[in-house]
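Scroll down for the structure; my scribbles are underneath it.
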Amino acid sequence: MGQKEKLITRLKSHPRDFTFEEAETLLGYLTFHRDNKGRTSGSRVAFVSDHYKTKILLHKPHPRKELLAYQVKQLEEQLEQEGLL
């Protein structure tokens with residue numbers, strides 16, 4: 001099982017310690033890239049892909065590194081809607 005599959009399995013288990021970096025890595029495997037709108041974008045980060053029409057928005061948590069439970073659920077739902085999970 002590769003890193004991509006491990007991250008997908010981990011995401012589907014709804015962990016409380018799923019980090020923003022793990023989400024960014026998983027999205028990178030799925031051909032999404034980070035799209036910052038300049039220095040003033042703040043903690044709101046958009047992930048876009050040339051292959052998919054959806055745009056995934058995440059708030060980068062601070063000072064903690066973990067996403068909140070609702071963010072993990074939303075991320076999973078968006079990826080399922082796009083047929084990526």
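The way I read the labels, and the way they are meant: chains A, B, ... in the order of the structure tokens, residue 1 as the first residue of every chain, and ligand 1 as the first ligand shown, with later ones counted on from there.
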
**Request:** Tell me which protein, DNA and RNA residues are within 10 Å of segment 21-23 of chain A, counting only C-alpha atoms, leaving out same-chain ones fewer than 6 positions away, and put them as a list in words.
**Result:** Leu7, Ile8, Arg10, Leu11, Tyr29, Leu58, Lys60, Lys65, Glu66, Leu67, Val72 and Leu75 of chain A

Same residues, C-alpha atoms, saved as a JSON list (two decimals), in the first residue's frame:
[["chain", "number", "residue", "atom", "x", "y", "z"],
["A", 7, "LEU", "CA", -3.69, 8.82, 3.39],
["A", 8, "ILE", "CA", -7.04, 7.95, 1.80],
["A", 10, "ARG", "CA", -6.65, 7.54, 7.15],
["A", 11, "LEU", "CA", -8.97, 10.28, 5.88],
["A", 29, "TYR", "CA", -1.33, 13.10, -5.17],
["A", 58, "LEU", "CA", -9.49, 24.76, 3.46],
["A", 60, "LYS", "CA", -5.10, 26.46, 7.45],
["A", 65, "LYS", "CA", -1.68, 21.72, 12.90],
["A", 66, "GLU", "CA", -4.72, 19.44, 12.91],
["A", 67, "LEU", "CA", -7.86, 20.04, 10.90],
["A", 72, "VAL", "CA", -11.99, 16.37, 7.54],
["A", 75, "LEU", "CA", -12.76, 17.19, 2.49]]

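Checking A:Glu5, A:His62, A:Arg44, A:Arg16 one by one against Leu30 of chain A, counting only C-alpha atoms, you find the shortest gap at A:Glu5.
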
**Request:** May I ask which of the residues A:Thr25, A:Gln78, A:Thr31, A:Gln71 is the closest one to Ser49 of chain A, counting only C-alpha atoms?
**Result:** A:Thr31

**Complete:** Using only C-alpha atoms, the residue out of A:Glu82, A:His59, A:Gln3, A:Gln74 with shortest distance to Ala46 of chain A is A:His59

**Asked** What is the distance between atom CA of Asp35 of chain A and atom CA of Ala69 of chain A, in Å to one decimal?
**Response** 23.2 Å

**Request:** Just the helix (DSSP H, G or I) stuff from chain A, please, per backbone DSSP, written as a count of residues only.
**Result:** 36

**Request:** Apply DSSP to the structure's backbone, then extract all residues of chain A labelled strand (DSSP E or B) and return them as an MDAnalysis selection string.
**Result:** chainID A and resid 19 33:35 44:48 56:59 66

Include N, CA and C atoms and write out the residues we just selected as a PDB file, in the first residue's frame.
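Output file selection23.pdb follows:
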ATOM      1  N   THR A  19      -3.647  16.206   9.822  1.00  0.00           N
ATOM      2  CA  THR A  19      -3.044  17.530   9.737  1.00  0.00           C
ATOM      3  C   THR A  19      -3.289  18.188   8.380  1.00  0.00           C
ATOM      4  N   HIS A  33      -3.277  21.543  -6.754  1.00  0.00           N
ATOM      5  CA  HIS A  33      -2.168  22.357  -6.286  1.00  0.00           C
ATOM      6  C   HIS A  33      -2.708  23.569  -5.531  1.00  0.00           C
ATOM      7  N   ARG A  34      -1.872  24.060  -4.639  1.00  0.00           N
ATOM      8  CA  ARG A  34      -2.239  25.180  -3.781  1.00  0.00           C
ATOM      9  C   ARG A  34      -2.305  26.452  -4.605  1.00  0.00           C
ATOM     10  N   ASP A  35      -3.349  27.227  -4.398  1.00  0.00           N
ATOM     11  CA  ASP A  35      -3.543  28.460  -5.149  1.00  0.00           C
ATOM     12  C   ASP A  35      -3.741  29.610  -4.170  1.00  0.00           C
ATOM     13  N   ARG A  44      -6.992  31.155   4.557  1.00  0.00           N
ATOM     14  CA  ARG A  44      -7.859  30.476   3.597  1.00  0.00           C
ATOM     15  C   ARG A  44      -7.020  30.046   2.392  1.00  0.00           C
ATOM     16  N   VAL A  45      -7.000  28.757   2.136  1.00  0.00           N
ATOM     17  CA  VAL A  45      -6.176  28.206   1.072  1.00  0.00           C
ATOM     18  C   VAL A  45      -7.070  27.456   0.092  1.00  0.00           C
ATOM     19  N   ALA A  46      -6.906  27.743  -1.198  1.00  0.00           N
ATOM     20  CA  ALA A  46      -7.665  27.059  -2.237  1.00  0.00           C
ATOM     21  C   ALA A  46      -6.758  26.045  -2.917  1.00  0.00           C
ATOM     22  N   PHE A  47      -7.318  24.895  -3.221  1.00  0.00           N
ATOM     23  CA  PHE A  47      -6.620  23.870  -3.977  1.00  0.00           C
ATOM     24  C   PHE A  47      -7.400  23.666  -5.270  1.00  0.00           C
ATOM     25  N   VAL A  48      -6.723  23.815  -6.395  1.00  0.00           N
ATOM     26  CA  VAL A  48      -7.361  23.682  -7.703  1.00  0.00           C
ATOM     27  C   VAL A  48      -6.631  22.622  -8.513  1.00  0.00           C
ATOM     28  N   ILE A  56     -11.262  23.163  -3.949  1.00  0.00           N
ATOM     29  CA  ILE A  56     -11.365  22.762  -2.550  1.00  0.00           C
ATOM     30  C   ILE A  56     -10.777  23.876  -1.687  1.00  0.00           C
ATOM     31  N   LEU A  57     -11.588  24.392  -0.773  1.00  0.00           N
ATOM     32  CA  LEU A  57     -11.155  25.455   0.123  1.00  0.00           C
ATOM     33  C   LEU A  57     -10.943  24.877   1.522  1.00  0.00           C
ATOM     34  N   LEU A  58      -9.791  25.167   2.087  1.00  0.00           N
ATOM     35  CA  LEU A  58      -9.490  24.761   3.459  1.00  0.00           C
ATOM     36  C   LEU A  58      -8.944  25.961   4.205  1.00  0.00           C
ATOM     37  N   HIS A  59      -9.259  26.031   5.471  1.00  0.00           N
ATOM     38  CA  HIS A  59      -8.635  27.026   6.329  1.00  0.00           C
ATOM     39  C   HIS A  59      -7.443  26.376   6.991  1.00  0.00           C
ATOM     40  N   GLU A  66      -3.676  20.390  13.271  1.00  0.00           N
ATOM     41  CA  GLU A  66      -4.719  19.444  12.908  1.00  0.00           C
ATOM     42  C   GLU A  66      -5.953  20.163  12.374  1.00  0.00           C
TER      43      GLU A  66
END

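When atom CA of Lys6 of chain A is paired with atom CA of Asn36 of chain A, their separation reads 26.9 Å.
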
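Candidate residues A:Ser43, A:Lys73, A:Thr9, A:Gln81 were compared for distance to Lys55 of chain A, and the nearest is A:Gln81, using only C-alpha atoms.
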
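Residue nearest Glu24 of chain A, chosen from A:His51, A:Glu77, A:Leu84, A:Lys4 and counting only C-alpha atoms: A:Lys4.
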